Every structure is written in C-alpha cells, then in structure tokens.
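Before any comments, here is the structure.
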Amino acid sequence: MDLVVANAIVIDGAGTPGVPGWVGVERDRIAAIGRDDAPAAARTIDGRGMVVSPGFVDVHNHSDLSPFVLPTMPSTVRQGVTTVVVGNCGSSPFPLSSWDEGLSLAYAAPNDVHPRPAWAAWGDYLDAIDAAHPAVNVATLVGHGSVRREVLGDKRRPPSDHELAAMCAIVAEAVRDGAAGLSTGLIYVPGIYADTHEVIALARAAADAGGLYASHIRGEGRDLFRAVDEALTIGAAAEVPVHISHLKCETSLVWGRADELLARLHDAPDATGDQYPYEAWNSSLSSLLPPWAPAGRIAEIAAKDHERLRAAVEVGEPDFQSSVEGVGWDRIVLETAPQERWRGWSVAAVANERGIAPFDAMIELLGADREISCIGHAMAPEDVRTILADPGVFVASDASATAPDGPGGDLPVHPRSYGTFPRALALARDASLLPIEAMIRSTTSLPADRFGLKGRGRIERGAFADLVVFDPVTIRDTATYEEPHTFPNGIAAVIVNGEIAWSDAGPTINCAGRALRHA
C-alpha cells in the first residue's frame, strides 16, 4: 500500500456505525478496508484513539479565486475539508465581465505572479484550477448574477426574450462543461432585480444540462417562508433539484420557527439545504440596501429620498426584507471600515462617535467605501441547534480560504472560515444533537451525492482517497469573532486524492486537489 490509516474507528460516511479497522490507499484511491492487522505501507498514519472518515464536503464556499491566490487554502484544509463547491450566491468567475478590476488584481496577487483571468469558457476556468494545484478539490456552480451582468449589466429590468435566451445558453454551456448547476443570490445586485420567471428559465437550462439549482433565497427574516416557497416553486416549474443555502431563522421576527422551516424542505419533492452553525451572518454592508438604491449612488439617493431609504433599510418594503429589523444596529458589526479603528465596531457605535443616527452612519460608511464587510448577530442559538440536528441538512461554511499570515490574514473575518466543521461536530457531540455517524453522513456522502461528486464522500473500495483523521473527543473550533484566525483542535491528518495534504506532524501543506467536473 502507498498509505494506510491504521488502528482507527472507520466511519464510512453512509451513516452506518463506526468499526475499528484500517483504510489502505494506492495512488489516489481507497484500495482496501480491513478490521484485522493493517498491511505494510510506504506511509502509515497511526489513528489510535481517532476516527477516520471521508473528508468533509463544503457545498457553500466562496474560494473561487483562492487556488490562484492562496493555493494552500490553510483555513479550509485544516478543518478537514477535502472538497469545496464555489460559485455560490449567484457569483462565479465566469463570465469574466462580471469581475471588477479589484478582483482581477486580487487574482494576480501576490507579486503579480499569475496572469489576469483569461479563460474564455467554463472549461478553461476548471483547467486553470487544475493547473494551480490547490490543496483541496474544487467543484463549481455558475452564478446567475454573473451571467445576468454579462448580458444586461446592472440594469434593473427584465431581460428581453433574446437576452434571456443568451443567459440560458451561458448556463447550459457551463453545466455541460462541468459546473454542478446554477446558483442565485437574490438579495444581491444584480440578482435582486430578477423575477421568478427569469430564474425558472435559467434553472430549467441548468436542469436540461444535468445540473441543480442552489439559492441564497430572497429573504431569511420576515420574508423567510415566502422566499423558501419561491425557491421550491422554481424547482417544481423547472423540474430541477433545489438546494437552499445557509438555512437560518434570521431576526427576532422568525426566531423559534426552525422546525417550520425544516418541514417546508421535508414536504418538498426534491429539496435540500445547508447551514453554517453560527448565530451571525457575514455579508457586505451594501446588502442592507433596497434594489432601487445602488451603493455607487448612495449619497445622492439618501440626499434626495432620505426617509424612504431609511424606512426601507430599517423596516423593509413589500418586495424587500430589511436585515436591520429584528436585529438592531448594535448587532451589525464592521469587519472592514474606512478608518482602521472602526473595525470590529457596531454601526451603532460608529454612529454614537459621529453624533448621528445609525442609518446616517451607514450612508457615510458606504460613501467612503462601498465594499465594507460586516457581521450581523441575528440568529437564536436554539434555532441553530434545531437545524444542525436535522440529519438531512448539510454543513457548509459560506467562507473563503484564508490564513493568519496570508492575504486577508489581518482582517477580522467570520470564525466560520476556520471552524465550521469542527464546530458542527462539537455542537452535535456536546448537546447530543446527532450521533457522530449521522453528522459525518451530512458532511460527506449526502452533499457529495447531491452535487454529483462521483466517487467522493464515502470510504469504500475504489472511491477517491479523500479522508480526514480526527479525535472525536477533542475536535472543536477555537476561532472567535474577536480572534478569528485560529485553527481548530482535534484534526490529526487530512488526505486529498491519496496524498497527505496536512497533518499535525508538521506545518507543510501538500497541494493535491483537483477541479471536479460534474458528471
């Protein structure tokens, strides 16, 4: 054998009880699984006191350009993730016109070593990922917002029949080239401008090419259930599997309704969802704006229609859910800010220092830098646990790869970047929410099957050797909102395509990941 994980509890990802044994690897595949003495191997990992399971599959990740900027992806691989799905929330790195100059420059960093993005088709992007040799496998979705921007720009109107046909053609080609399906971000520009009819047409194009429909839905607070129903309507009309991203009951307006949310999914014919097990979201400050108020013109709009804009942001409108209502400005915290000392402050705290109302502080902040990132402490712990305890809900980070000493290592990122999967396992263990075998299934085989990742997510002969070795007693997250750049406890080794990607025996990360093309 090339590699053996010996003396471990083998949890295969299918939900069956773990058994003592070993897993043998030859090249990039699992070659044998046994319960007797482990065979000799070129390399052996002693898993005594440990679990060996399939590597975790993160189906909602935003590391679209990380293979080119930070191919070692430390915050991802060191929490046991072996595959990420990118292109979420309606945003993907193709078509290229959707990416601004700042993002292109980020792609070239550090030291302008890499060329600017130049792929002319989805397959070229996947080829570029392969050439970059990331630490983990990367599967992709094509983003509705990126496709819409390619055809319509940021125009706030329905597409013409010709434009809609052009958008559908881009989606279909991307899925045929290997994307797992279509994603939407219906609270972000330009996805927020799309009506249900438009999304149905694009979802049908994805379905006809063999893909699914994944959505950051139109509302997660007051409009939560209406938004879920829209996603399910799209699935039924387009005859496409539906996946709802980051399930949550956001704001006090819907706290305590997690069981009702889960029932909506269970009653649908073909719907799944994922969750990050935290009580705070992470987004852009501009996402708090209604669709008729683009961040680039916010000072002008606020001067002209101050009270309407304030009411929309703080209370909402019939077709726009406020992210402030039921949360409060004191629970919306800046990750980035025009002034360094404001990082980590709430919008309310900035307003207090400035001697102005919080809404006006937001306008000033966006006027200085419309790309401000923020965290909203908007979910109830009981709802987070209820959703996590559902054995059919996947765990997903909604994060980008980072590193304490890499690009963004000085930013106060959301702790989910480092701790999502260990946190989920620790919460399930400590609160007795789910048996470990069920938690492993919801982080491995279930998401791999849903997103068409053939040969991933299970420990069985012939499967790809994506594995994680961890201590089931000590595994937990250590990242906090105050100190987010800290790695979790309890992960002993991570294996990607048969290679030891990382182990606690040393700091080096071996990059053996690949671009995964949807079958």
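Labeling convention for the structure tokens: chains A, B, ... as they appear, residues from 1 per chain, ligands from 1 in order of appearance.
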
Surrounding residues of region 351-364 of chain A excluding itself and chain neighbours under 3 positions, 10 Å, only C-alpha atoms, as a list in words: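 Listing them by chain and then by number gives Leu285, Ser286, Leu288, Leu289, Ala295, Ile298, Ala299, Ile301, Ala302, Ala303, His306, Leu309, Arg310, Ala311, Val313, Glu314, Val324, Gly328, Trp329, Asp330, Pro338, Ser346, Val347, Ala348, Gly367, Ala368, Asp369 and Arg370 of chain A.
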
Could you write out that same residue set with N, CA and C atoms as a PDB file, in the first residue's frame?
ATOM      1  N   LEU A 285     -21.983  45.426   3.720  1.00  0.00           N
ATOM      2  CA  LEU A 285     -22.873  46.456   4.271  1.00  0.00           C
ATOM      3  C   LEU A 285     -23.861  46.924   3.203  1.00  0.00           C
ATOM      4  N   SER A 286     -23.440  46.893   1.949  1.00  0.00           N
ATOM      5  CA  SER A 286     -24.330  47.334   0.868  1.00  0.00           C
ATOM      6  C   SER A 286     -25.500  46.387   0.662  1.00  0.00           C
ATOM      7  N   LEU A 288     -27.555  45.635   2.741  1.00  0.00           N
ATOM      8  CA  LEU A 288     -28.666  46.168   3.517  1.00  0.00           C
ATOM      9  C   LEU A 288     -29.528  47.133   2.705  1.00  0.00           C
ATOM     10  N   LEU A 289     -29.067  47.487   1.493  1.00  0.00           N
ATOM     11  CA  LEU A 289     -29.773  48.480   0.686  1.00  0.00           C
ATOM     12  C   LEU A 289     -30.860  47.833  -0.170  1.00  0.00           C
ATOM     13  N   ALA A 295     -25.266  50.996  -4.274  1.00  0.00           N
ATOM     14  CA  ALA A 295     -24.270  51.579  -3.368  1.00  0.00           C
ATOM     15  C   ALA A 295     -23.463  52.682  -4.043  1.00  0.00           C
ATOM     16  N   ILE A 298     -25.253  56.014  -3.445  1.00  0.00           N
ATOM     17  CA  ILE A 298     -25.994  56.040  -2.187  1.00  0.00           C
ATOM     18  C   ILE A 298     -26.085  57.440  -1.590  1.00  0.00           C
ATOM     19  N   ALA A 299     -25.037  58.240  -1.671  1.00  0.00           N
ATOM     20  CA  ALA A 299     -25.099  59.593  -1.096  1.00  0.00           C
ATOM     21  C   ALA A 299     -26.140  60.434  -1.821  1.00  0.00           C
ATOM     22  N   ILE A 301     -28.796  59.349  -3.519  1.00  0.00           N
ATOM     23  CA  ILE A 301     -30.139  58.835  -3.252  1.00  0.00           C
ATOM     24  C   ILE A 301     -30.585  59.211  -1.840  1.00  0.00           C
ATOM     25  N   ALA A 302     -29.665  59.111  -0.876  1.00  0.00           N
ATOM     26  CA  ALA A 302     -30.008  59.453   0.504  1.00  0.00           C
ATOM     27  C   ALA A 302     -30.361  60.925   0.645  1.00  0.00           C
ATOM     28  N   ALA A 303     -29.677  61.785  -0.100  1.00  0.00           N
ATOM     29  CA  ALA A 303     -29.983  63.219  -0.042  1.00  0.00           C
ATOM     30  C   ALA A 303     -31.340  63.524  -0.661  1.00  0.00           C
ATOM     31  N   HIS A 306     -34.330  60.605   1.599  1.00  0.00           N
ATOM     32  CA  HIS A 306     -33.753  60.127   2.853  1.00  0.00           C
ATOM     33  C   HIS A 306     -34.717  59.244   3.623  1.00  0.00           C
ATOM     34  N   LEU A 309     -35.558  55.816   1.990  1.00  0.00           N
ATOM     35  CA  LEU A 309     -34.415  54.907   2.062  1.00  0.00           C
ATOM     36  C   LEU A 309     -34.212  54.403   3.482  1.00  0.00           C
ATOM     37  N   ARG A 310     -34.319  55.311   4.459  1.00  0.00           N
ATOM     38  CA  ARG A 310     -34.162  54.884   5.849  1.00  0.00           C
ATOM     39  C   ARG A 310     -35.210  53.835   6.226  1.00  0.00           C
ATOM     40  N   ALA A 311     -36.453  54.062   5.833  1.00  0.00           N
ATOM     41  CA  ALA A 311     -37.515  53.106   6.157  1.00  0.00           C
ATOM     42  C   ALA A 311     -37.272  51.765   5.485  1.00  0.00           C
ATOM     43  N   VAL A 313     -34.363  50.430   4.643  1.00  0.00           N
ATOM     44  CA  VAL A 313     -33.229  49.758   5.292  1.00  0.00           C
ATOM     45  C   VAL A 313     -33.608  49.246   6.681  1.00  0.00           C
ATOM     46  N   GLU A 314     -34.343  50.050   7.450  1.00  0.00           N
ATOM     47  CA  GLU A 314     -34.605  49.707   8.844  1.00  0.00           C
ATOM     48  C   GLU A 314     -35.885  48.901   9.058  1.00  0.00           C
ATOM     49  N   VAL A 324     -32.007  44.819   9.150  1.00  0.00           N
ATOM     50  CA  VAL A 324     -31.832  45.539  10.412  1.00  0.00           C
ATOM     51  C   VAL A 324     -33.018  45.293  11.333  1.00  0.00           C
ATOM     52  N   GLY A 328     -31.164  45.093  14.900  1.00  0.00           N
ATOM     53  CA  GLY A 328     -30.678  46.319  15.525  1.00  0.00           C
ATOM     54  C   GLY A 328     -29.284  46.673  15.061  1.00  0.00           C
ATOM     55  N   TRP A 329     -29.016  47.959  14.969  1.00  0.00           N
ATOM     56  CA  TRP A 329     -27.715  48.440  14.514  1.00  0.00           C
ATOM     57  C   TRP A 329     -26.585  48.058  15.473  1.00  0.00           C
ATOM     58  N   ASP A 330     -26.914  47.827  16.731  1.00  0.00           N
ATOM     59  CA  ASP A 330     -25.868  47.479  17.698  1.00  0.00           C
ATOM     60  C   ASP A 330     -25.378  46.049  17.521  1.00  0.00           C
ATOM     61  N   PRO A 338     -13.555  52.309   6.663  1.00  0.00           N
ATOM     62  CA  PRO A 338     -12.655  53.339   6.130  1.00  0.00           C
ATOM     63  C   PRO A 338     -11.607  53.777   7.145  1.00  0.00           C
ATOM     64  N   SER A 346     -19.660  48.163  16.088  1.00  0.00           N
ATOM     65  CA  SER A 346     -21.002  48.099  15.522  1.00  0.00           C
ATOM     66  C   SER A 346     -21.305  49.406  14.792  1.00  0.00           C
ATOM     67  N   VAL A 347     -22.288  49.343  13.879  1.00  0.00           N
ATOM     68  CA  VAL A 347     -22.713  50.570  13.201  1.00  0.00           C
ATOM     69  C   VAL A 347     -23.237  51.569  14.234  1.00  0.00           C
ATOM     70  N   ALA A 348     -23.904  51.063  15.274  1.00  0.00           N
ATOM     71  CA  ALA A 348     -24.409  51.942  16.324  1.00  0.00           C
ATOM     72  C   ALA A 348     -23.270  52.668  17.042  1.00  0.00           C
ATOM     73  N   GLY A 367     -20.440  55.665   1.571  1.00  0.00           N
ATOM     74  CA  GLY A 367     -19.908  56.730   0.728  1.00  0.00           C
ATOM     75  C   GLY A 367     -18.399  56.727   0.684  1.00  0.00           C
ATOM     76  N   ALA A 368     -17.785  56.286   1.780  1.00  0.00           N
ATOM     77  CA  ALA A 368     -16.325  56.221   1.834  1.00  0.00           C
ATOM     78  C   ALA A 368     -15.780  54.942   1.216  1.00  0.00           C
ATOM     79  N   ASP A 369     -16.533  53.843   1.348  1.00  0.00           N
ATOM     80  CA  ASP A 369     -16.068  52.553   0.832  1.00  0.00           C
ATOM     81  C   ASP A 369     -17.276  51.626   0.692  1.00  0.00           C
ATOM     82  N   ARG A 370     -17.763  51.444  -0.525  1.00  0.00           N
ATOM     83  CA  ARG A 370     -18.989  50.661  -0.701  1.00  0.00           C
ATOM     84  C   ARG A 370     -18.749  49.155  -0.613  1.00  0.00           C
TER      85      ARG A 370
END

Enumerate as an mmCIF file with C-alpha atoms, in the first residue's frame all residues of region 164-362 of chain A assigned to strand (DSSP E or B) by DSSP on the backbone, naming them with the chain letters and numbers the document uses.
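Listed below is the output, result.cif:
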data_model
loop_
_atom_site.group_PDB
_atom_site.id
_atom_site.type_symbol
_atom_site.label_atom_id
_atom_site.label_comp_id
_atom_site.auth_asym_id
_atom_site.auth_seq_id
_atom_site.Cartn_x
_atom_site.Cartn_y
_atom_site.Cartn_z
ATOM 1 C CA GLY A 181 -25.617 23.699 -11.594
ATOM 2 C CA LEU A 182 -26.887 27.254 -11.219
ATOM 3 C CA SER A 183 -26.674 29.449 -8.126
ATOM 4 C CA THR A 184 -28.592 32.594 -7.287
ATOM 5 C CA GLY A 185 -28.056 35.377 -4.785
ATOM 6 C CA LEU A 212 -29.201 21.517 -9.851
ATOM 7 C CA TYR A 213 -30.435 24.886 -8.564
ATOM 8 C CA ALA A 214 -28.777 26.326 -5.419
ATOM 9 C CA SER A 215 -30.094 29.573 -3.967
ATOM 10 C CA HIS A 216 -29.313 32.234 -1.450
ATOM 11 C CA VAL A 242 -33.395 22.582 -5.309
ATOM 12 C CA HIS A 243 -30.753 23.335 -2.694
ATOM 13 C CA ILE A 244 -31.316 26.229 -0.272
ATOM 14 C CA GLU A 250 -32.704 35.453 10.810
ATOM 15 C CA ALA A 271 -35.146 19.872 -1.858
ATOM 16 C CA THR A 272 -32.128 20.034 0.450
ATOM 17 C CA GLY A 273 -30.341 22.745 2.394
ATOM 18 C CA ASP A 274 -27.139 23.586 4.220
ATOM 19 C CA GLN A 275 -26.226 25.514 7.359
ATOM 20 C CA TRP A 281 -24.195 36.121 9.245
ATOM 21 C CA ASN A 282 -21.431 37.721 7.217
ATOM 22 C CA SER A 283 -22.132 39.912 4.189
ATOM 23 C CA SER A 284 -21.491 43.314 2.658
ATOM 24 C CA GLU A 317 -40.630 47.221 1.819
ATOM 25 C CA PHE A 320 -37.503 43.897 0.136
ATOM 26 C CA ILE A 332 -24.295 44.695 12.992
ATOM 27 C CA VAL A 333 -20.511 44.812 13.314
ATOM 28 C CA LEU A 334 -17.988 46.099 10.763
ATOM 29 C CA SER A 346 -21.002 48.099 15.522
#

Region 400-409 of chain A surroundings by only C-alpha atoms, 7 Å radius, close-in-sequence under 3 positions cut, as a list in words: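 Non-adjacent residues within range: Asn61, His62, Ser63, Ser66, Met73, Pro74, Ser75, Thr76, Ser417 and His485 of chain A.
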
Nearest to Pro190 (chain A), chosen from A:Glu173, A:Trp292, A:Ala237, A:Trp119, with only C-alpha atoms counted in the distances: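 Counting only C-alpha atoms, the residue closest to Pro190 (chain A) is A:Trp292.
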
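Using only C-alpha atoms, the shortest contact distance between Phe94 (chain A) and any of A:Glu150, A:Glu499, A:Asp390, A:Asp127 is found at A:Glu150.
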
Alpha helix (DSSP H) per DSSP on the backbone: members of region 346-511 of chain A, as a ChimeraX atom specification: /A:347-354,358-368,381-388,416-430,436-443,445-450

Spatial neighbours of Ile129 (chain A), max dist 9 Å, only C-alpha atoms, sep filter under 4 positions, as number ranges by chain: A: 65, 67-68, 124-125, 133-134, 138, 513-515

Interatomic distance (Å, one decimal) between CA of Ala179 (chain A) and CA of Ser146 (chain A):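 If I compute the distance from CA of Ala179 (chain A) to CA of Ser146 (chain A), I get 14.0 Å.
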
Selection: 7 Å around region 191-206 of chain A, only C-alpha atoms, excl. self and same-chain fewer than 5 positions, as a VMD selection string: chain A and resid 90 144 to 145 156 to 158 168 171 to 172 175 181 to 182 184 to 186 211 to 213 234 237 to 240 291

Written file, previous selection with N, CA and C atoms, as a PDB file, in the first residue's frame:
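Everything below was put into part.pdb:
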ATOM      1  N   GLY A  90     -24.900  33.301  -6.556  1.00  0.00           N
ATOM      2  CA  GLY A  90     -25.068  33.977  -7.830  1.00  0.00           C
ATOM      3  C   GLY A  90     -23.816  34.585  -8.404  1.00  0.00           C
ATOM      4  N   HIS A 144     -25.886  33.045 -11.355  1.00  0.00           N
ATOM      5  CA  HIS A 144     -26.907  33.796 -12.079  1.00  0.00           C
ATOM      6  C   HIS A 144     -26.548  35.275 -12.179  1.00  0.00           C
ATOM      7  N   GLY A 145     -26.071  35.856 -11.072  1.00  0.00           N
ATOM      8  CA  GLY A 145     -25.720  37.274 -11.093  1.00  0.00           C
ATOM      9  C   GLY A 145     -24.620  37.576 -12.088  1.00  0.00           C
ATOM     10  N   ARG A 156     -31.763  47.353 -14.017  1.00  0.00           N
ATOM     11  CA  ARG A 156     -32.868  46.877 -13.178  1.00  0.00           C
ATOM     12  C   ARG A 156     -34.137  46.759 -14.025  1.00  0.00           C
ATOM     13  N   ARG A 157     -34.165  45.667 -14.801  1.00  0.00           N
ATOM     14  CA  ARG A 157     -35.317  45.412 -15.660  1.00  0.00           C
ATOM     15  C   ARG A 157     -35.301  43.936 -16.048  1.00  0.00           C
ATOM     16  N   PRO A 158     -36.431  43.412 -16.521  1.00  0.00           N
ATOM     17  CA  PRO A 158     -36.434  42.032 -17.008  1.00  0.00           C
ATOM     18  C   PRO A 158     -35.648  41.936 -18.312  1.00  0.00           C
ATOM     19  N   CYS A 168     -29.554  31.814 -20.835  1.00  0.00           N
ATOM     20  CA  CYS A 168     -29.771  30.366 -20.725  1.00  0.00           C
ATOM     21  C   CYS A 168     -28.666  29.591 -21.431  1.00  0.00           C
ATOM     22  N   VAL A 171     -25.582  29.433 -19.201  1.00  0.00           N
ATOM     23  CA  VAL A 171     -25.768  28.480 -18.102  1.00  0.00           C
ATOM     24  C   VAL A 171     -25.643  27.049 -18.605  1.00  0.00           C
ATOM     25  N   ALA A 172     -26.322  26.738 -19.691  1.00  0.00           N
ATOM     26  CA  ALA A 172     -26.294  25.374 -20.215  1.00  0.00           C
ATOM     27  C   ALA A 172     -24.875  24.962 -20.601  1.00  0.00           C
ATOM     28  N   VAL A 175     -22.767  24.203 -17.425  1.00  0.00           N
ATOM     29  CA  VAL A 175     -23.085  22.915 -16.817  1.00  0.00           C
ATOM     30  C   VAL A 175     -22.561  21.776 -17.681  1.00  0.00           C
ATOM     31  N   GLY A 181     -24.295  23.113 -11.468  1.00  0.00           N
ATOM     32  CA  GLY A 181     -25.617  23.699 -11.594  1.00  0.00           C
ATOM     33  C   GLY A 181     -25.554  25.205 -11.535  1.00  0.00           C
ATOM     34  N   LEU A 182     -26.705  25.802 -11.268  1.00  0.00           N
ATOM     35  CA  LEU A 182     -26.887  27.254 -11.219  1.00  0.00           C
ATOM     36  C   LEU A 182     -27.046  27.704  -9.774  1.00  0.00           C
ATOM     37  N   THR A 184     -28.073  31.228  -7.318  1.00  0.00           N
ATOM     38  CA  THR A 184     -28.592  32.594  -7.287  1.00  0.00           C
ATOM     39  C   THR A 184     -28.287  33.240  -5.945  1.00  0.00           C
ATOM     40  N   GLY A 185     -28.153  34.557  -5.989  1.00  0.00           N
ATOM     41  CA  GLY A 185     -28.056  35.377  -4.785  1.00  0.00           C
ATOM     42  C   GLY A 185     -29.095  36.468  -4.912  1.00  0.00           C
ATOM     43  N   LEU A 186     -30.294  36.192  -4.441  1.00  0.00           N
ATOM     44  CA  LEU A 186     -31.439  37.049  -4.754  1.00  0.00           C
ATOM     45  C   LEU A 186     -31.592  38.233  -3.811  1.00  0.00           C
ATOM     46  N   GLY A 211     -27.818  19.743 -14.257  1.00  0.00           N
ATOM     47  CA  GLY A 211     -27.414  20.396 -13.022  1.00  0.00           C
ATOM     48  C   GLY A 211     -28.552  20.622 -12.048  1.00  0.00           C
ATOM     49  N   LEU A 212     -28.210  21.179 -10.873  1.00  0.00           N
ATOM     50  CA  LEU A 212     -29.201  21.517  -9.851  1.00  0.00           C
ATOM     51  C   LEU A 212     -29.326  23.025  -9.728  1.00  0.00           C
ATOM     52  N   TYR A 213     -30.215  23.465  -8.830  1.00  0.00           N
ATOM     53  CA  TYR A 213     -30.435  24.886  -8.564  1.00  0.00           C
ATOM     54  C   TYR A 213     -30.162  25.155  -7.093  1.00  0.00           C
ATOM     55  N   ILE A 234     -39.664  27.477  -8.091  1.00  0.00           N
ATOM     56  CA  ILE A 234     -38.690  27.440  -9.182  1.00  0.00           C
ATOM     57  C   ILE A 234     -38.291  25.988  -9.478  1.00  0.00           C
ATOM     58  N   ALA A 237     -41.269  24.185 -11.224  1.00  0.00           N
ATOM     59  CA  ALA A 237     -41.523  24.657 -12.581  1.00  0.00           C
ATOM     60  C   ALA A 237     -40.407  24.277 -13.544  1.00  0.00           C
ATOM     61  N   ALA A 238     -39.173  24.297 -13.058  1.00  0.00           N
ATOM     62  CA  ALA A 238     -38.019  23.978 -13.911  1.00  0.00           C
ATOM     63  C   ALA A 238     -37.673  22.498 -13.884  1.00  0.00           C
ATOM     64  N   GLU A 239     -38.367  21.746 -13.032  1.00  0.00           N
ATOM     65  CA  GLU A 239     -38.077  20.314 -12.848  1.00  0.00           C
ATOM     66  C   GLU A 239     -36.590  20.105 -12.561  1.00  0.00           C
ATOM     67  N   VAL A 240     -36.127  20.806 -11.525  1.00  0.00           N
ATOM     68  CA  VAL A 240     -34.720  20.788 -11.147  1.00  0.00           C
ATOM     69  C   VAL A 240     -34.618  20.548  -9.648  1.00  0.00           C
ATOM     70  N   PRO A 291     -33.214  47.344  -3.653  1.00  0.00           N
ATOM     71  CA  PRO A 291     -32.730  47.235  -5.038  1.00  0.00           C
ATOM     72  C   PRO A 291     -32.719  48.546  -5.807  1.00  0.00           C
TER      73      PRO A 291
END
